[in-house]
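Chemist: See final-v1.txt below, with compact mmCIF, C-alpha atoms.
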```
# COMPACT_ATOMS: atom_id res chain seq x y z
CA MET A 1 -31.88 34.25 76.92
CA THR A 2 -30.24 32.83 73.85
CA THR A 3 -28.20 35.18 71.74
CA GLU A 4 -28.86 34.88 67.95
CA ARG A 5 -25.69 34.29 65.97
CA ASP A 6 -24.65 36.88 63.45
CA PRO A 7 -24.75 35.20 59.99
CA SER A 8 -21.82 37.29 58.86
CA LYS A 9 -19.72 35.59 61.50
CA ILE A 10 -20.21 32.10 60.06
CA ASP A 11 -16.85 30.68 58.98
CA LEU A 12 -17.79 29.58 55.44
CA GLU A 13 -14.22 28.62 54.69
CA ARG A 14 -14.21 26.19 57.64
CA VAL A 15 -17.48 24.61 56.52
CA LEU A 16 -16.16 24.27 53.00
CA VAL A 17 -12.92 22.67 54.16
CA ARG A 18 -14.80 20.22 56.39
CA TYR A 19 -17.15 19.29 53.56
CA LEU A 20 -14.31 18.70 51.09
CA ALA A 21 -12.46 16.57 53.63
CA GLU A 22 -15.49 14.46 54.40
CA GLU A 23 -16.22 13.96 50.69
CA ARG A 24 -12.55 13.39 49.86
CA MET A 25 -12.92 16.02 47.14
CA THR A 26 -10.48 18.70 45.99
CA ARG A 27 -11.43 22.25 45.19
CA ARG A 28 -10.70 21.49 41.51
CA GLN A 29 -13.16 18.60 41.64
CA LEU A 30 -15.77 20.83 43.22
CA LEU A 31 -15.35 23.38 40.46
CA HIS A 32 -15.70 20.60 37.91
CA ARG A 33 -18.96 19.49 39.55
CA ILE A 34 -20.21 23.09 39.41
CA SER A 35 -19.44 23.16 35.68
CA VAL A 36 -21.38 19.94 35.14
CA VAL A 37 -24.47 20.27 37.36
CA GLY A 38 -24.51 23.97 38.11
CA ALA A 39 -23.68 25.98 41.23
CA THR A 40 -27.00 25.51 43.03
CA ALA A 41 -26.88 21.72 42.91
CA ALA A 42 -23.16 21.43 43.56
CA LEU A 43 -23.17 23.76 46.57
CA ALA A 44 -26.41 22.46 48.11
CA PRO A 45 -24.61 20.19 50.65
CA ILE A 46 -22.46 23.12 51.80
CA VAL A 47 -25.50 25.34 52.12
CA ALA A 48 -27.15 22.62 54.21
CA ALA A 49 -24.06 22.44 56.42
CA CYS A 50 -24.17 26.16 56.97
CA SER A 51 -27.88 25.94 57.87
CA THR A 52 -27.09 23.25 60.43
CA ALA A 53 -24.64 25.69 61.95
CA GLY A 54 -27.55 28.17 62.39
CA ALA A 55 -26.69 30.31 59.41
CA SER A 56 -30.02 31.41 58.05
CA ALA A 57 -28.14 33.60 55.59
CA ALA A 58 -26.07 30.66 54.32
CA PRO A 59 -27.60 30.73 50.85
CA SER A 60 -26.30 34.24 50.33
CA ALA A 61 -22.94 33.16 51.70
CA ALA A 62 -22.91 30.17 49.42
CA ALA A 63 -23.83 32.40 46.53
CA SER A 64 -20.91 34.61 47.52
CA ALA A 65 -18.62 31.57 47.47
CA ALA A 66 -19.93 30.66 44.08
CA SER A 67 -19.41 34.20 42.84
CA GLU A 68 -15.85 34.09 44.08
CA ALA A 69 -15.21 30.80 42.30
CA PRO A 70 -13.70 31.02 38.83
CA SER A 71 -16.24 31.25 36.01
CA VAL A 72 -17.07 27.85 34.55
CA PRO A 73 -17.71 26.84 30.96
CA PRO A 74 -21.30 26.45 29.76
CA SER A 75 -22.81 22.99 29.51
CA ALA A 76 -22.06 20.84 26.48
CA SER A 77 -25.46 21.52 24.94
CA ALA A 78 -25.06 25.27 25.38
CA ALA A 79 -21.60 25.08 23.84
CA ALA A 80 -23.00 23.17 20.89
CA GLU A 81 -25.66 25.81 20.40
CA ALA A 82 -23.09 28.56 20.56
CA THR A 83 -20.76 26.95 18.01
CA ALA A 84 -21.42 27.96 14.43
CA THR A 85 -22.24 25.09 12.06
CA PRO A 86 -19.27 24.65 9.75
CA GLU A 87 -19.85 25.12 6.07
CA PRO A 88 -19.90 21.85 4.08
CA THR A 89 -16.71 21.07 2.22
CA PRO A 90 -17.25 22.30 -1.33
CA GLU A 91 -17.21 19.67 -4.06
CA PRO A 92 -14.05 20.08 -6.15
CA THR A 93 -14.59 21.72 -9.50
CA PRO A 94 -14.22 19.16 -12.31
CA GLU A 95 -11.78 19.76 -15.11
CA ALA A 96 -13.11 21.03 -18.44
CA GLU A 97 -12.54 17.78 -20.37
CA LEU A 98 -12.72 14.04 -19.76
CA HIS A 99 -11.28 11.33 -22.02
CA ILE A 100 -12.80 7.83 -21.90
CA TRP A 101 -11.47 4.64 -23.53
CA ASN A 102 -14.08 1.92 -23.88
CA TYR A 103 -15.46 -0.97 -25.90
CA ALA A 104 -17.73 0.12 -28.74
CA GLU A 105 -21.45 -0.02 -27.91
CA TYR A 106 -20.68 -0.55 -24.22
CA MET A 107 -22.42 2.48 -22.75
CA GLY A 108 -25.98 3.77 -22.88
CA GLU A 109 -26.69 6.56 -25.35
CA ASN A 110 -27.65 9.14 -22.71
CA VAL A 111 -24.91 8.45 -20.16
CA VAL A 112 -22.35 10.90 -21.51
CA PRO A 113 -24.81 13.67 -22.52
CA SER A 114 -26.45 13.64 -19.09
CA PHE A 115 -23.04 13.91 -17.40
CA GLU A 116 -21.97 16.77 -19.68
CA LYS A 117 -25.19 18.62 -18.93
CA LYS A 118 -24.83 18.16 -15.17
CA TYR A 119 -21.18 19.19 -14.83
CA GLY A 120 -20.39 21.17 -17.95
CA VAL A 121 -17.54 18.80 -18.81
CA LYS A 122 -16.76 17.97 -22.44
CA VAL A 123 -16.43 14.19 -22.75
CA SER A 124 -14.64 12.46 -25.62
CA THR A 125 -14.83 8.69 -26.06
CA ASP A 126 -12.46 6.48 -28.06
CA PHE A 127 -12.83 2.75 -28.62
CA PHE A 128 -10.12 0.10 -28.44
CA ASP A 129 -9.96 -2.62 -31.09
CA THR A 130 -9.13 -5.44 -28.69
CA TYR A 131 -8.91 -5.82 -24.95
CA GLU A 132 -5.38 -7.14 -25.27
CA GLY A 133 -4.33 -4.00 -27.15
CA MET A 134 -5.89 -1.74 -24.52
CA TYR A 135 -4.27 -3.67 -21.69
CA ALA A 136 -0.85 -3.54 -23.35
CA ARG A 137 -1.03 0.25 -23.69
CA VAL A 138 -2.25 0.68 -20.11
CA THR A 139 0.62 -1.38 -18.71
CA ALA A 140 3.06 0.56 -20.86
CA GLY A 141 1.65 3.80 -19.41
CA GLN A 142 0.71 7.23 -20.76
CA THR A 143 -2.36 6.32 -22.79
CA GLY A 144 -3.71 9.86 -22.83
CA PHE A 145 -7.04 8.70 -21.37
CA ASP A 146 -8.59 9.29 -17.96
CA ILE A 147 -10.95 6.29 -17.64
CA THR A 148 -11.00 2.79 -19.06
CA PHE A 149 -12.67 -0.55 -18.30
CA PRO A 150 -10.39 -3.51 -17.45
CA THR A 151 -11.73 -6.84 -16.26
CA SER A 152 -11.73 -7.47 -12.54
CA THR A 153 -9.10 -10.20 -13.02
CA ASP A 154 -6.52 -7.61 -13.99
CA ILE A 155 -7.12 -5.11 -11.18
CA PRO A 156 -4.61 -6.53 -8.64
CA GLY A 157 -1.83 -6.53 -11.21
CA LEU A 158 -2.58 -3.00 -12.38
CA VAL A 159 -2.57 -1.80 -8.77
CA THR A 160 0.75 -3.53 -8.10
CA ILE A 161 2.50 -1.84 -11.02
CA GLY A 162 0.85 1.51 -10.28
CA LYS A 163 -1.08 1.91 -13.52
CA ILE A 164 -4.40 2.91 -11.96
CA LEU A 165 -5.08 5.60 -9.38
CA PRO A 166 -6.88 5.18 -6.06
CA LEU A 167 -10.46 6.37 -6.28
CA ASP A 168 -11.61 9.37 -4.26
CA LEU A 169 -14.59 7.69 -2.62
CA SER A 170 -15.72 11.02 -1.14
CA LEU A 171 -16.68 11.95 -4.71
CA ILE A 172 -18.45 8.61 -5.29
CA PRO A 173 -21.36 8.56 -2.79
CA ASN A 174 -23.40 6.40 -5.19
CA LYS A 175 -21.20 3.50 -4.09
CA VAL A 176 -24.02 2.80 -1.62
CA ASN A 177 -26.11 1.58 -4.57
CA LEU A 178 -23.90 -1.47 -5.09
CA GLY A 179 -25.28 -4.89 -4.26
CA SER A 180 -23.67 -6.42 -1.18
CA GLU A 181 -21.62 -8.92 -3.21
CA TRP A 182 -19.94 -6.04 -5.08
CA ALA A 183 -19.28 -3.68 -2.17
CA ASN A 184 -16.03 -5.33 -1.05
CA PRO A 185 -14.77 -7.56 -3.88
CA GLY A 186 -11.82 -9.85 -3.33
CA TYR A 187 -9.96 -8.45 -6.32
CA ASP A 188 -10.13 -4.90 -4.90
CA PRO A 189 -11.06 -4.68 -1.21
CA GLY A 190 -13.27 -1.70 -0.45
CA ASN A 191 -13.34 -0.74 -4.16
CA ALA A 192 -10.23 1.28 -3.43
CA HIS A 193 -9.01 1.38 -7.06
CA SER A 194 -11.95 0.28 -9.19
CA MET A 195 -15.71 0.33 -9.34
CA PRO A 196 -17.67 -2.60 -10.83
CA TYR A 197 -19.34 -1.66 -14.10
CA MET A 198 -21.06 -4.61 -15.80
CA TRP A 199 -20.93 -8.36 -15.28
CA TRP A 200 -21.72 -11.41 -17.36
CA THR A 201 -21.91 -15.19 -17.41
CA THR A 202 -20.08 -17.55 -19.75
CA GLY A 203 -21.78 -20.61 -21.19
CA VAL A 204 -22.93 -22.30 -24.38
CA ALA A 205 -24.97 -20.84 -27.23
CA TYR A 206 -26.60 -22.99 -29.89
CA ASP A 207 -28.89 -22.61 -32.88
CA SER A 208 -32.07 -24.53 -32.13
CA ALA A 209 -32.83 -24.59 -35.85
CA LYS A 210 -29.77 -26.83 -36.35
CA ILE A 211 -29.58 -28.64 -33.01
CA LYS A 212 -33.00 -30.03 -32.18
CA GLU A 213 -32.16 -31.40 -28.74
CA THR A 214 -31.69 -29.25 -25.64
CA PRO A 215 -28.10 -29.57 -24.41
CA THR A 216 -27.28 -28.77 -20.78
CA SER A 217 -23.59 -29.67 -20.34
CA TRP A 218 -20.16 -28.47 -21.41
CA LYS A 219 -19.85 -31.85 -23.13
CA ALA A 220 -21.98 -30.55 -26.00
CA LEU A 221 -18.94 -28.58 -27.18
CA TRP A 222 -17.08 -31.89 -27.50
CA ASP A 223 -19.85 -33.66 -29.43
CA GLU A 224 -18.49 -35.10 -32.68
CA ARG A 225 -21.90 -34.69 -34.35
CA TRP A 226 -21.24 -30.94 -34.52
CA LYS A 227 -17.71 -31.24 -35.95
CA GLY A 228 -16.83 -28.21 -38.07
CA HIS A 229 -19.65 -26.17 -36.56
CA ILE A 230 -18.21 -25.61 -33.07
CA ALA A 231 -16.65 -22.37 -31.89
CA MET A 232 -14.58 -21.67 -28.78
CA LEU A 233 -13.74 -18.33 -27.25
CA ASP A 234 -10.20 -17.31 -28.15
CA ASP A 235 -9.46 -16.64 -24.49
CA GLN A 236 -7.05 -18.93 -22.69
CA ARG A 237 -8.57 -18.57 -19.22
CA GLU A 238 -12.15 -18.99 -20.47
CA ALA A 239 -11.28 -22.00 -22.63
CA PHE A 240 -9.36 -23.71 -19.84
CA ALA A 241 -12.22 -22.93 -17.45
CA ALA A 242 -14.62 -24.84 -19.73
CA ALA A 243 -12.35 -27.89 -19.48
CA LEU A 244 -11.39 -27.51 -15.81
CA ILE A 245 -14.97 -27.11 -14.58
CA GLN A 246 -16.02 -30.10 -16.66
CA LEU A 247 -13.30 -32.06 -14.86
CA ARG A 248 -14.55 -30.69 -11.49
CA PHE A 249 -11.42 -28.63 -10.91
CA SER A 250 -11.20 -24.96 -9.94
CA ALA A 251 -11.19 -22.55 -12.86
CA ASN A 252 -8.28 -20.84 -11.06
CA THR A 253 -6.11 -23.89 -10.43
CA VAL A 254 -2.36 -23.63 -10.82
CA ASP A 255 -1.82 -27.34 -10.24
CA ASP A 256 0.24 -28.69 -13.14
CA GLY A 257 -1.43 -32.08 -13.09
CA GLU A 258 -4.92 -30.58 -13.29
CA LEU A 259 -3.87 -28.16 -16.03
CA ASP A 260 -2.38 -31.04 -18.02
CA GLN A 261 -5.68 -32.93 -17.78
CA ALA A 262 -7.54 -29.84 -18.99
CA LEU A 263 -5.09 -29.43 -21.87
CA GLY A 264 -5.65 -33.05 -22.80
CA LEU A 265 -9.41 -32.47 -22.92
CA LEU A 266 -8.99 -29.35 -25.07
CA LYS A 267 -6.71 -31.31 -27.43
CA GLN A 268 -9.45 -33.91 -27.84
CA GLN A 269 -11.81 -31.13 -28.86
CA HIS A 270 -9.37 -29.31 -31.14
CA PRO A 271 -10.14 -31.25 -34.36
CA LEU A 272 -13.86 -30.53 -33.93
CA VAL A 273 -13.49 -26.76 -33.60
CA ARG A 274 -14.15 -24.56 -36.64
CA LEU A 275 -12.68 -21.42 -35.06
CA TYR A 276 -11.40 -19.76 -31.90
CA SER A 277 -12.73 -16.21 -31.68
CA VAL A 278 -14.02 -13.64 -29.21
CA GLU A 279 -16.55 -12.40 -31.79
CA ASP A 280 -19.29 -14.61 -30.41
CA GLN A 281 -22.09 -12.35 -31.62
CA GLN A 282 -20.84 -12.65 -35.18
CA TYR A 283 -20.24 -16.37 -35.25
CA MET A 284 -23.56 -17.24 -33.64
CA ALA A 285 -25.40 -14.99 -36.11
CA SER A 286 -23.53 -16.29 -39.16
CA GLY A 287 -25.17 -19.71 -39.48
CA ASP A 288 -21.83 -21.52 -39.87
CA ILE A 289 -21.56 -22.11 -36.14
CA TRP A 290 -24.25 -24.29 -34.66
CA ILE A 291 -22.93 -24.38 -31.11
CA GLY A 292 -20.35 -22.22 -29.44
CA HIS A 293 -18.62 -21.09 -26.30
CA ALA A 294 -20.03 -17.62 -25.62
CA TRP A 295 -20.78 -14.79 -23.23
CA GLY A 296 -24.42 -14.66 -22.20
CA SER A 297 -24.95 -10.94 -22.62
CA ASP A 298 -23.62 -11.09 -26.20
CA ILE A 299 -26.09 -13.85 -27.04
CA TYR A 300 -28.93 -11.81 -25.56
CA ALA A 301 -28.14 -9.24 -28.25
CA VAL A 302 -27.99 -11.94 -30.96
CA GLN A 303 -31.43 -13.22 -29.96
CA GLN A 304 -33.01 -9.88 -30.80
CA LYS A 305 -32.18 -10.55 -34.46
CA LYS A 306 -32.03 -14.34 -34.51
CA PRO A 307 -34.53 -15.84 -32.04
CA SER A 308 -33.50 -19.44 -32.85
CA VAL A 309 -30.24 -18.92 -30.94
CA GLU A 310 -30.46 -20.22 -27.36
CA PHE A 311 -28.04 -20.02 -24.45
CA TYR A 312 -27.49 -21.96 -21.24
CA ILE A 313 -25.15 -22.03 -18.29
CA PRO A 314 -23.77 -25.59 -18.11
CA GLU A 315 -25.03 -27.77 -15.30
CA GLU A 316 -21.46 -28.39 -14.09
CA GLY A 317 -21.04 -24.69 -13.36
CA SER A 318 -19.34 -21.88 -15.22
CA VAL A 319 -17.61 -18.51 -15.06
CA ARG A 320 -18.83 -15.12 -13.97
CA GLY A 321 -16.85 -12.15 -15.17
CA SER A 322 -17.00 -8.41 -14.61
CA ASP A 323 -15.59 -5.23 -16.05
CA THR A 324 -14.61 -2.32 -13.86
CA ALA A 325 -14.23 1.43 -14.27
CA VAL A 326 -10.78 2.75 -13.31
CA ILE A 327 -8.86 6.01 -13.44
CA LEU A 328 -5.56 5.64 -15.25
CA ASP A 329 -2.22 6.75 -13.92
CA GLY A 330 -1.39 10.08 -15.54
CA ALA A 331 -5.05 11.08 -15.86
CA LYS A 332 -5.31 14.82 -16.50
CA SER A 333 -8.89 15.05 -15.22
CA PRO A 334 -9.05 13.01 -11.98
CA VAL A 335 -11.88 15.03 -10.42
CA ALA A 336 -14.09 14.70 -13.49
CA ALA A 337 -13.16 11.02 -13.68
CA ASN A 338 -14.29 10.32 -10.11
CA LEU A 339 -17.51 12.25 -10.72
CA PHE A 340 -18.14 10.28 -13.91
CA ILE A 341 -17.71 6.97 -12.08
CA ASN A 342 -20.18 8.22 -9.50
CA HIS A 343 -22.52 9.10 -12.40
CA LEU A 344 -22.26 5.52 -13.67
CA LEU A 345 -23.51 4.32 -10.27
CA ASP A 346 -26.61 6.49 -10.35
CA ALA A 347 -29.56 4.07 -10.28
CA LYS A 348 -31.23 5.35 -13.44
CA VAL A 349 -27.97 5.78 -15.35
CA SER A 350 -26.91 2.24 -14.47
CA ALA A 351 -30.31 0.89 -15.53
CA ASP A 352 -30.09 2.78 -18.84
CA ASN A 353 -26.73 1.10 -19.41
CA SER A 354 -28.13 -2.37 -18.71
CA ASN A 355 -31.19 -1.83 -20.89
CA TYR A 356 -29.05 -0.58 -23.77
CA ILE A 357 -26.22 -3.14 -23.82
CA GLY A 358 -27.95 -6.17 -22.31
CA TYR A 359 -25.62 -6.65 -19.35
CA MET A 360 -26.53 -6.67 -15.68
CA GLY A 361 -24.79 -4.05 -13.61
CA PRO A 362 -23.77 -4.51 -9.97
CA ASN A 363 -26.22 -1.78 -8.96
CA GLU A 364 -28.95 -3.02 -6.61
CA ALA A 365 -30.75 0.33 -6.66
CA ALA A 366 -31.00 0.16 -10.47
CA ARG A 367 -33.04 -3.04 -10.60
CA GLN A 368 -36.34 -1.20 -10.29
CA PHE A 369 -35.59 0.60 -13.58
CA ILE A 370 -34.25 -2.40 -15.57
CA SER A 371 -36.50 -3.93 -18.20
CA LYS A 372 -38.53 -6.95 -17.15
CA ASP A 373 -37.29 -8.91 -20.16
CA LEU A 374 -33.68 -8.50 -19.04
CA LEU A 375 -34.47 -9.38 -15.44
CA ASP A 376 -36.37 -12.48 -16.59
CA THR A 377 -33.47 -13.80 -18.70
CA PRO A 378 -31.89 -16.50 -16.51
CA TRP A 379 -28.32 -16.16 -17.77
CA ILE A 380 -28.40 -12.35 -17.55
CA ASN A 381 -29.97 -12.27 -14.10
CA PRO A 382 -29.42 -15.78 -12.73
CA ASP A 383 -30.96 -16.88 -9.47
CA LYS A 384 -28.84 -17.63 -6.42
CA ALA A 385 -28.65 -21.38 -7.11
CA ILE A 386 -26.92 -20.66 -10.42
CA VAL A 387 -24.78 -17.81 -9.10
CA ASP A 388 -23.45 -20.13 -6.41
CA LYS A 389 -22.09 -22.41 -9.17
CA LEU A 390 -20.24 -19.60 -10.95
CA GLN A 391 -16.55 -18.90 -10.46
CA GLU A 392 -14.84 -15.56 -11.02
CA LEU A 393 -11.47 -15.80 -12.73
CA LEU A 394 -8.68 -14.49 -10.48
CA ASP A 395 -5.35 -12.83 -11.13
CA LEU A 396 -2.82 -15.66 -10.92
CA GLY A 397 0.30 -13.55 -11.19
CA LEU A 398 3.26 -15.36 -12.71
CA ASP A 399 1.29 -18.61 -12.65
CA THR A 400 -0.70 -17.29 -15.61
CA ASP A 401 2.28 -18.47 -17.68
CA LYS A 402 1.17 -22.02 -16.94
CA TYR A 403 -1.96 -21.32 -18.94
CA ALA A 404 -0.17 -19.35 -21.66
CA THR A 405 2.35 -22.04 -22.50
CA ARG A 406 -0.33 -24.74 -22.67
CA TRP A 407 -2.58 -22.47 -24.74
CA THR A 408 0.22 -21.93 -27.24
CA GLU A 409 0.74 -25.67 -27.41
CA LEU A 410 -2.98 -26.26 -28.04
CA LYS A 411 -3.26 -23.60 -30.78
CA ALA A 412 -0.15 -24.95 -32.49
CA GLY A 413 -1.87 -28.31 -32.77
CA ILE A 414 0.91 -30.16 -30.99
```
What would the structure in this file look like if it were written as structure tokens?
Modeler:
Amino acid sequence: MTTERDPSKIDLERVLVRYLAEERMTRRQLLHRISVVGATAALAPIVAACSTAGASAAPSAAASAASEAPSVPPSASAAAEATATPEPTPEPTPEAELHIWNYAEYMGENVVPSFEKKYGVKVSTDFFDTYEGMYARVTAGQTGFDITFPTSTDIPGLVTIGKILPLDLSLIPNKVNLGSEWANPGYDPGNAHSMPYMWWTTGVAYDSAKIKETPTSWKALWDERWKGHIAMLDDQREAFAAALIQLRFSANTVDDGELDQALGLLKQQHPLVRLYSVEDQQYMASGDIWIGHAWGSDIYAVQQKKPSVEFYIPEEGSVRGSDTAVILDGAKSPVAANLFINHLLDAKVSADNSNYIGYMGPNEAARQFISKDLLDTPWINPDKAIVDKLQELLDLGLDTDKYATRWTELKAGI
């Protein structure tokens, strides 16, 4: 007669030791497995071993072993459920006032009021007389303004001398609205210190009431038939670009030989030019200038009053420029300034700007709200084939002096 074994006599410890040895597992590793898959699954092989030994009560023994084991943490999902969701980081409170320094007529009429209404910030806007004057005060420091709008060309230099602050991109989520070509510009990688505002093309404007043909080249600005009725932009980089591109050189060259050739071409033109001026809207509306070097968005505005004025981007290629929004060193309202830049990147706000001033913004999300007339104007919204022929003027550092000295020589009539 076979004697039934007493389950309480089963040496659970011996079974456990044998199992761990066979599996090459430590007790710590077993406890880890229990924490991951649960006690029932982890201890199943040991329970089976006890059953093989004739222990019909092994499950209760195994449960006892499990109860004696240290308590284990809940599963990851249970822990996640038990953890309270953290409160979102509150948006910083903007300062009470914001001071903006801009070109006149370079912002939509509702941009500032809509910002003031949203944030309760009082915005004051002043206008600079010339870009050069604004830039000189910015580089000197302590302008008293929070935001201004330098060209992209000047951003690297302003960063180097510490005159503009890094942007707080956590306050500018509308950055996602930028077109891909503006999201990581070469002049300011990652838009760390500036946000693109508006961009333009440079080319040639002419009065079709005076010039009956349809010019297509930069050479039209060198045509002796228009002597005394030609205007050039009073901008050394833009003027040299017109000559350099015509000569098939880079608009950003610092090669002395190429710059000398460009200077020679500008000297040939000099006797034909009636004036050098950045007031292209005025001189193309006056009637004295029949053909002139101009910015496309300015001529779009002229056309509204004088439809005979036409504009083209020269077939040899041309320049694309852009203005940026920056926060000045010493700004007293940096939070409000970051929030205002984010406001400028709102799709509808950006579209309102474009529709008001006649410039294309860098905002891809805004296109659906921009007027069809503006989108259909080829020099305001050029197609890719034209864009690919445009060059953006770069910061040349000390090599800019190579342009400045030659420009002085040209203007002196030497």
Chemist: Pick from A:Pro189, A:Gly317, A:Pro94, A:Pro113: nearest to Ala385 of chain A, with all atoms listed in the file counted?
Modeler: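 Using all atoms listed in the file, the shortest distance to Ala385 of chain A belongs to A:Gly317.
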Chemist: For a quick check of understanding, using only C-alpha atoms, which of A:Val138, A:Val254, A:Thr202, A:Glu213 has the smallest distance to Ala239 of chain A?
Modeler: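 Comparing A:Val138, A:Val254, A:Thr202, A:Glu213 against Ala239 of chain A, the winner is A:Thr202.
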Chemist: Can you tell me which residues surround Thr216 of chain A at a distance of at most 7 Å, considering only C-alpha atoms, apart from same-chain residues fewer than 2 positions away, and format the answer as a PyMOL selection string?
Modeler: chain A and resi 214+312+314-315
Chemist: Near Leu169 of chain A, within 9 Å and counting all atoms listed in the file, which residues show up once chain neighbours fewer than 5 positions away are dropped, as an mmCIF file with C-alpha atoms, in the coordinates of the input?
Modeler:
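The file below, result.cif, is the result:
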```cif
data_model
loop_
_atom_site.group_PDB
_atom_site.id
_atom_site.type_symbol
_atom_site.label_atom_id
_atom_site.label_comp_id
_atom_site.auth_asym_id
_atom_site.auth_seq_id
_atom_site.Cartn_x
_atom_site.Cartn_y
_atom_site.Cartn_z
ATOM 1 C CA LYS A 175 -21.200 3.500 -4.090
ATOM 2 C CA ASN A 191 -13.340 -0.740 -4.160
ATOM 3 C CA ALA A 192 -10.230 1.280 -3.430
ATOM 4 C CA ASN A 338 -14.290 10.320 -10.110
ATOM 5 C CA ASN A 342 -20.180 8.220 -9.500
#
```
Chemist: For Arg225 of chain A, work out the shell of residues within 12 Å, counting all atoms listed in the file and skipping chain neighbours fewer than 3 positions away, then give it as a ChimeraX atom specification.
Modeler: /A:210-211,219-222,228-230,272-273,290-291
Chemist: Just give me the gap between atom CA of Asn363 of chain A and atom CA of Ala351 of chain A in Å, one decimal is fine.
Modeler: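 That distance, rounded to one decimal, is 8.2 Å.
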Chemist: For atom CA of Ala285 of chain A and atom CA of Asp234 of chain A, quote the distance in Å rounded to one decimal.
Modeler: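 Straight-line distance from atom CA of Ala285 of chain A to atom CA of Asp234 of chain A works out to 17.3 Å.
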Chemist: One decimal, Å: what's the distance from atom CA of Val123 of chain A over to atom CA of Ile147 of chain A, could you say?
Modeler: 10.9 Å
Chemist: Neighbouring residues of Gly361 of chain A were defined as those with any atom within 7 Å, considering only C-alpha atoms; residues of the same chain fewer than 3 positions away were excluded. Please report them as a PDB file with C-alpha atoms, keeping the file's coordinate frame.
Modeler:
```pdb
ATOM      1  CA  TYR A 197     -19.340  -1.660 -14.100  1.00  0.00           C
ATOM      2  CA  MET A 198     -21.060  -4.610 -15.800  1.00  0.00           C
ATOM      3  CA  TRP A 199     -20.930  -8.360 -15.280  1.00  0.00           C
ATOM      4  CA  SER A 350     -26.910   2.240 -14.470  1.00  0.00           C
ATOM      5  CA  SER A 354     -28.130  -2.370 -18.710  1.00  0.00           C
TER       6      SER A 354
END
```
Chemist: Here is a test: counting all atoms listed in the file, which residue of A:Ile370, A:Ala337, A:Val121, A:Val349 is nearest to Pro166 of chain A?
Modeler: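 Smallest separation from Pro166 of chain A among the options: A:Ala337.
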Chemist: Excluding segment 101-110 of chain A and any residue of its chain fewer than 6 positions from it, enumerate the residues within 12 Å of it, using all atoms listed in the file, and give them as a PyMOL selection string.
Modeler: chain A and resi 116-117+123-135+137-138+143-151+197-199+297-298+301+323-328+331+337+343-344+348-359+361
Chemist: Give the answer as one residue: which of A:His270, A:Asp329, A:Val111, A:Trp295 has the shortest atom-to-atom distance to His193 of chain A, using all atoms listed in the file?
Modeler: A:Asp329
Chemist: Please tell me which residues are no farther than 7 Å from (-30.2, -11.1, -20.4) in the file, counting only C-alpha atoms, and write them as a ChimeraX atom specification.
Modeler: /A:297,300,358-359,374-375,377-381
Chemist: Name the residues, using the chain letters and numbers of the file, that sit within 8 Å of (-27.8, 7.4, -6.6) when counting all atoms listed in the file, and give them as a PyMOL selection string.
Modeler: chain A and resi 173-174+176-177+345-348+365
Chemist: Using only C-alpha atoms for the distances, tell me which of A:Trp182, A:Tyr187, A:Tyr276, A:Tyr283 is nearest to Asp207 of chain A.
Modeler: A:Tyr283
